[in-house]
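Q: To start, I am sharing the structure in question, which I have written as structure tokens.
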Amino acid sequence: MAMDFISSKNIFLLVRDTLEMIDKRVIEHGIRVGYILYKMLESEDRFEKFELADFVMLSTLHDIGAFKTDNVKDLLSFDTKNNMRHSIYGYLFMKYLSPMENISKILLYHHMDYYKIQETPYEYLDIACYLNLAEDVEIYHNALGKQFDFSLFAKYAGTKYSEAAVSAFSQAQIRHNVLGRISDGEYKQELDELMNYIMFNNEDKSRFMEMIMYCLGFYTDEKVADSVTCTCICEQLGKWMKLEPREIEKLHYAALLHDIGMLAVPREIVGASRKLTDEEAQIMRKHVETTEKVLSNRMDQEVVEIACRHHERGNGTGYPRGLLNGHMTDSDKILQVADTMSALVNKRPYRDPLPKEKVIDILTNEMNQKNFNRVIVETMIRNYDIIMEEVGLRRKEIQRFYDKLQTQSEKVQELFLK
């Protein structure tokens, strides 16, 4: 895939913005930690800018595992107590889903005391040790403000923290006034400039886009299944409808990302096993506008428009804009059918997946009411078994991935938590 719909820098910003929807404080903490690590490494003049940018991105996401394993509302608690579980999950998540597998093990070690891992043969062990110190400095500086005293950390050089890490932070603080720049907010501009150097190829970008979709699994695995189902149906319908490859590619990424705004919806609403109240339904509908806000100025605008029209309907009864057929593209209309299909054929908290006959009845009724495009619905019905066979294969891949993640997580926990 050409994948020129998004820049390397915007990949970072989109991942960051997606996770901020779950809990902004966790990512703001990560950004500050990333800045501290950046200045520690910069003071040593060991790495090129693009390498520093990679380390900063990983550091920004260093708590990504906590979205799955912990109650992120208590930042100090989950990052200072029982923190290996989210370190392990974050490491595996980044290893298997991102193109940063070569540095992902930094996350595995970054909560471990230096004296326990100093003999570990890992290329980036020193970065993990630097990240360990940078995170603790940020947490306590954020909590104590002007009362923060780094000498309390320095006395643990060679035991809890590596001597090199303590030295690097001391030098960075002298040269760059790191904590002062964090306090006055100047660090944000420095980080923004650094991320201009981040470099991802087309395959890297594609993997990050899929990783963003998997972030829906921090709420519920079913939302990942929905997005995979929807994306697969979109691709298949696009081919049967003979869309140009470029249009199918746009449709693919729109389908991957169309529901990321769900991360801003309270979990008790997303996972409700009952009919939503009118107020809750309005909150749920806001996910489309949230998706648009997150994607705009990050992705190609045509991809954004396709993604944000998945609840529009041809007769003008959809939302959020009530668009009519004439104002929508074939790609828009395909995603609308695919999104509805994913809701019907996948399990919900309040019902089991619907059988083929019932799904076809619903699609036909929507078509007759001019909600859905007739040609698209008829194409879906005519090729139902072929398309759903492909969906089944994709869903098995997802299940294999989750099984692998669970197995690997248990094995690593046995090693580090015994």
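Note on naming: chains are A, B, ... as they come in the structure tokens, residues start from 1 per chain, ligands start from 1 in the order shown.
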Would you mind listing, for every residue of stretch 236-263 of chain A within 9 Å of stretch 327-332 of chain A, the two atoms forming the shortest contact and the distance between them in Å to one decimal, using only C-alpha atoms, sorted by chain and ascending residue number, as a Markdown table?

A:
| residue | atom | partner | partner_atom | distance |
| --- | --- | --- | --- | --- |
| A:Gly238 | CA | A:Ser331 | CA | 7.7 |
| A:Met241 | CA | A:Asp330 | CA | 9.0 |
| A:Leu243 | CA | A:Ser331 | CA | 8.5 |
| A:Glu247 | CA | A:Ser331 | CA | 7.4 |
| A:Ile248 | CA | A:Ser331 | CA | 7.9 |
| A:Lys250 | CA | A:Ser331 | CA | 8.4 |
| A:Leu251 | CA | A:Ser331 | CA | 6.1 |

Q: Excluding same-chain residues fewer than 5 positions from A:Ser206, what lies within 12 Å of it counting only C-alpha atoms, as a PyMOL selection string?

A: chain A and resi 1-8+11+97-99+200-201+211-213+249-250+252-253+256-257

Q: What does the file look like for those residues with C-alpha atoms, as a PDB file, in the first residue's frame?

A:
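New file out-v5.pdb:
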ATOM      1  CA  MET A   1       0.000   0.000   0.000  1.00  0.00           C
ATOM      2  CA  ALA A   2       1.253   3.474  -0.873  1.00  0.00           C
ATOM      3  CA  MET A   3       0.414   4.842   2.570  1.00  0.00           C
ATOM      4  CA  ASP A   4       1.086   8.498   1.825  1.00  0.00           C
ATOM      5  CA  PHE A   5      -2.063   9.507   3.666  1.00  0.00           C
ATOM      6  CA  ILE A   6      -0.179  10.510   6.800  1.00  0.00           C
ATOM      7  CA  SER A   7       3.280  11.830   7.680  1.00  0.00           C
ATOM      8  CA  SER A   8       5.662  10.146  10.107  1.00  0.00           C
ATOM      9  CA  ILE A  11       1.643   8.985  13.076  1.00  0.00           C
ATOM     10  CA  LEU A  97       1.919  -4.541  16.941  1.00  0.00           C
ATOM     11  CA  SER A  98       4.342  -1.702  16.274  1.00  0.00           C
ATOM     12  CA  PRO A  99       7.442  -1.387  14.081  1.00  0.00           C
ATOM     13  CA  PHE A 200       8.767   5.704   9.264  1.00  0.00           C
ATOM     14  CA  ASN A 201       8.512   3.874   5.963  1.00  0.00           C
ATOM     15  CA  MET A 211      -1.920  -0.667  16.294  1.00  0.00           C
ATOM     16  CA  ILE A 212      -4.223   2.313  16.778  1.00  0.00           C
ATOM     17  CA  MET A 213      -7.164   0.082  15.907  1.00  0.00           C
ATOM     18  CA  GLU A 249      -6.752   1.843   0.261  1.00  0.00           C
ATOM     19  CA  LYS A 250      -8.467   4.977   1.544  1.00  0.00           C
ATOM     20  CA  HIS A 252      -9.213   0.431   4.354  1.00  0.00           C
ATOM     21  CA  TYR A 253      -7.706   3.091   6.621  1.00  0.00           C
ATOM     22  CA  LEU A 256      -9.581   0.845  10.600  1.00  0.00           C
ATOM     23  CA  LEU A 257      -9.997   4.174  12.368  1.00  0.00           C
TER      24      LEU A 257
END

Q: So, with only C-alpha atoms as the atoms that count, which of A:Met40, A:Gln118, A:Tyr187, A:Lys275 lies closest to A:Arg351?

A: A:Lys275

Q: Can you measure atom CA of A:Met21 to atom CA of A:Thr69 for me? One decimal in Å is fine.

A: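 Distance reported for this atom pair: 17.0 Å.
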
Q: I'd like the contact shell of stretch 121-131 of chain A - 9 Å cut-off, only C-alpha atoms, skipping same-chain residues fewer than 4 positions apart - returned as an MDAnalysis selection string.

A: chainID A and resid 33:34 36:37 40:41 55 59 62 103 105:114 117 135:136 161:162 164:166 168:169

Q: With N, CA and C atoms kept, could you save the residues just selected as a PDB file, in the first residue's frame?

A:
ATOM      1  N   VAL A  33       8.149  12.552  30.659  1.00  0.00           N
ATOM      2  CA  VAL A  33       9.207  11.554  30.830  1.00  0.00           C
ATOM      3  C   VAL A  33      10.060  11.479  29.566  1.00  0.00           C
ATOM      4  N   GLY A  34       9.392  11.495  28.406  1.00  0.00           N
ATOM      5  CA  GLY A  34      10.116  11.465  27.137  1.00  0.00           C
ATOM      6  C   GLY A  34      11.053  12.645  26.983  1.00  0.00           C
ATOM      7  N   ILE A  36      12.495  14.361  29.472  1.00  0.00           N
ATOM      8  CA  ILE A  36      13.634  14.175  30.384  1.00  0.00           C
ATOM      9  C   ILE A  36      14.637  13.206  29.770  1.00  0.00           C
ATOM     10  N   LEU A  37      14.128  12.089  29.243  1.00  0.00           N
ATOM     11  CA  LEU A  37      15.019  11.116  28.611  1.00  0.00           C
ATOM     12  C   LEU A  37      15.748  11.741  27.418  1.00  0.00           C
ATOM     13  N   MET A  40      18.566  13.883  28.629  1.00  0.00           N
ATOM     14  CA  MET A  40      19.626  13.039  29.186  1.00  0.00           C
ATOM     15  C   MET A  40      20.492  12.472  28.065  1.00  0.00           C
ATOM     16  N   LEU A  41      19.848  11.959  27.023  1.00  0.00           N
ATOM     17  CA  LEU A  41      20.587  11.357  25.910  1.00  0.00           C
ATOM     18  C   LEU A  41      21.271  12.408  25.056  1.00  0.00           C
ATOM     19  N   PHE A  55      13.235   7.049  20.526  1.00  0.00           N
ATOM     20  CA  PHE A  55      13.255   6.809  21.973  1.00  0.00           C
ATOM     21  C   PHE A  55      12.200   7.661  22.680  1.00  0.00           C
ATOM     22  N   SER A  59       9.106   6.335  24.833  1.00  0.00           N
ATOM     23  CA  SER A  59       8.990   6.812  26.209  1.00  0.00           C
ATOM     24  C   SER A  59       7.636   7.449  26.468  1.00  0.00           C
ATOM     25  N   HIS A  62       5.353   4.714  27.242  1.00  0.00           N
ATOM     26  CA  HIS A  62       5.908   3.691  28.117  1.00  0.00           C
ATOM     27  C   HIS A  62       4.882   3.059  29.048  1.00  0.00           C
ATOM     28  N   ILE A 103      13.328  -1.976  19.892  1.00  0.00           N
ATOM     29  CA  ILE A 103      13.573  -1.225  21.124  1.00  0.00           C
ATOM     30  C   ILE A 103      12.473  -1.437  22.168  1.00  0.00           C
ATOM     31  N   LYS A 105      11.785  -3.818  24.165  1.00  0.00           N
ATOM     32  CA  LYS A 105      12.159  -4.453  25.425  1.00  0.00           C
ATOM     33  C   LYS A 105      12.600  -3.425  26.468  1.00  0.00           C
ATOM     34  N   ILE A 106      12.876  -2.210  26.037  1.00  0.00           N
ATOM     35  CA  ILE A 106      13.147  -1.123  26.986  1.00  0.00           C
ATOM     36  C   ILE A 106      12.001  -1.025  27.995  1.00  0.00           C
ATOM     37  N   LEU A 107      10.772  -1.196  27.499  1.00  0.00           N
ATOM     38  CA  LEU A 107       9.602  -1.101  28.382  1.00  0.00           C
ATOM     39  C   LEU A 107       9.578  -2.228  29.406  1.00  0.00           C
ATOM     40  N   LEU A 108      10.066  -3.390  29.024  1.00  0.00           N
ATOM     41  CA  LEU A 108      10.082  -4.524  29.943  1.00  0.00           C
ATOM     42  C   LEU A 108      10.964  -4.241  31.155  1.00  0.00           C
ATOM     43  N   TYR A 109      12.098  -3.600  30.937  1.00  0.00           N
ATOM     44  CA  TYR A 109      13.079  -3.405  32.000  1.00  0.00           C
ATOM     45  C   TYR A 109      12.969  -2.071  32.729  1.00  0.00           C
ATOM     46  N   HIS A 110      12.150  -1.145  32.242  1.00  0.00           N
ATOM     47  CA  HIS A 110      12.281   0.228  32.736  1.00  0.00           C
ATOM     48  C   HIS A 110      11.785   0.440  34.164  1.00  0.00           C
ATOM     49  N   HIS A 111      11.108  -0.551  34.747  1.00  0.00           N
ATOM     50  CA  HIS A 111      10.682  -0.424  36.141  1.00  0.00           C
ATOM     51  C   HIS A 111      11.555  -1.248  37.093  1.00  0.00           C
ATOM     52  N   MET A 112      12.631  -1.819  36.568  1.00  0.00           N
ATOM     53  CA  MET A 112      13.444  -2.708  37.394  1.00  0.00           C
ATOM     54  C   MET A 112      14.665  -1.982  37.934  1.00  0.00           C
ATOM     55  N   ASP A 113      14.999  -2.260  39.185  1.00  0.00           N
ATOM     56  CA  ASP A 113      16.175  -1.642  39.800  1.00  0.00           C
ATOM     57  C   ASP A 113      17.434  -2.054  39.046  1.00  0.00           C
ATOM     58  N   TYR A 114      18.355  -1.118  38.959  1.00  0.00           N
ATOM     59  CA  TYR A 114      19.571  -1.329  38.180  1.00  0.00           C
ATOM     60  C   TYR A 114      20.365  -2.547  38.652  1.00  0.00           C
ATOM     61  N   ILE A 117      19.382  -5.895  37.095  1.00  0.00           N
ATOM     62  CA  ILE A 117      19.455  -6.154  35.647  1.00  0.00           C
ATOM     63  C   ILE A 117      20.788  -5.736  35.027  1.00  0.00           C
ATOM     64  N   GLU A 135      11.445   8.506  34.668  1.00  0.00           N
ATOM     65  CA  GLU A 135      10.059   8.383  35.104  1.00  0.00           C
ATOM     66  C   GLU A 135       9.901   8.734  36.582  1.00  0.00           C
ATOM     67  N   ASP A 136      10.786   8.204  37.420  1.00  0.00           N
ATOM     68  CA  ASP A 136      10.677   8.507  38.850  1.00  0.00           C
ATOM     69  C   ASP A 136      10.871   9.999  39.121  1.00  0.00           C
ATOM     70  N   TYR A 161      19.317   2.998  40.722  1.00  0.00           N
ATOM     71  CA  TYR A 161      19.544   3.636  39.429  1.00  0.00           C
ATOM     72  C   TYR A 161      20.981   3.426  38.988  1.00  0.00           C
ATOM     73  N   SER A 162      21.197   3.410  37.676  1.00  0.00           N
ATOM     74  CA  SER A 162      22.576   3.283  37.201  1.00  0.00           C
ATOM     75  C   SER A 162      23.317   4.597  37.432  1.00  0.00           C
ATOM     76  N   ALA A 164      25.385   5.889  35.435  1.00  0.00           N
ATOM     77  CA  ALA A 164      25.353   6.631  34.179  1.00  0.00           C
ATOM     78  C   ALA A 164      24.068   7.442  34.041  1.00  0.00           C
ATOM     79  N   ALA A 165      22.954   6.872  34.480  1.00  0.00           N
ATOM     80  CA  ALA A 165      21.672   7.583  34.403  1.00  0.00           C
ATOM     81  C   ALA A 165      21.675   8.800  35.325  1.00  0.00           C
ATOM     82  N   VAL A 166      22.153   8.620  36.535  1.00  0.00           N
ATOM     83  CA  VAL A 166      22.219   9.738  37.484  1.00  0.00           C
ATOM     84  C   VAL A 166      23.113  10.840  36.947  1.00  0.00           C
ATOM     85  N   ALA A 168      23.847  11.404  33.756  1.00  0.00           N
ATOM     86  CA  ALA A 168      23.225  12.008  32.570  1.00  0.00           C
ATOM     87  C   ALA A 168      22.148  13.006  32.960  1.00  0.00           C
ATOM     88  N   PHE A 169      21.336  12.667  33.971  1.00  0.00           N
ATOM     89  CA  PHE A 169      20.304  13.615  34.388  1.00  0.00           C
ATOM     90  C   PHE A 169      20.947  14.861  35.006  1.00  0.00           C
TER      91      PHE A 169
END

Q: Which residues, written as a PyMOL selection string, have at least one atom at most 12 Å from A:Gln413, with only C-alpha atoms counted and residues fewer than 5 positions away on the same chain left out?

A: chain A and resi 82-89+91-92+108+405-408+418

Q: Give me, please, the distance in Å between atom CA of A:Val359 and atom CA of A:Glu312, quoted to one decimal.

A: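 Between atom CA of A:Val359 and atom CA of A:Glu312 the gap works out to 19.3 Å.
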
Q: What parts of stretch 15-212 of chain A does DSSP call alpha helix (DSSP H)? I'd like the answer as number ranges by chain.

A: A: 15-20, 24-42, 49-60, 66-69, 75-80, 84-97, 105-109, 114-117, 125-144, 151-154, 163-176, 178-184, 187-194, 202-212

Q: Which polymer residues have any atom within 12 Å of an atom of stretch 181-186 of chain A, counting only C-alpha atoms, with same-chain residues fewer than 6 positions away left out, as a list of chain:residue names?

A: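 Listed by chain and then number, they are A:Glu28, A:His29, A:Ile31, A:Arg32, A:Val33, A:Gly34, A:Tyr35, A:Ile36, A:Lys39, A:Val137, A:Glu138, A:His141, A:Asn142, A:Ala143, A:Leu144, A:Gly145, A:Lys146, A:Ala172, A:Gln173, A:Arg175, A:Asp192, A:Glu193.
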
Q: Compile the contact shell of A:Lys223 as a PyMOL selection string: residues with an atom at most 10 Å away, counting only C-alpha atoms, same-chain residues fewer than 4 positions apart removed.

A: chain A and resi 213-219+227-229+259-260+262+270-271+342-343+346+348

Q: Quick one, how far is atom CA of A:Tyr350 from atom CA of A:Ser273?

A: 4.6 Å

Q: If you run DSSP over the backbone, which residues in stretch 187-413 of chain A end up strand (DSSP E or B)? Put them as a PyMOL selection string.

A: chain A and resi 315+324+348+351

Q: Using only C-alpha atoms, which residues sit within 10 Å of A:Leu295 once same-chain residues fewer than 5 positions away are excluded, as a PyMOL selection string?

A: chain A and resi 10+13-14+17-18+254+257-258+260-261+289-290+300-301+303-305+307-308
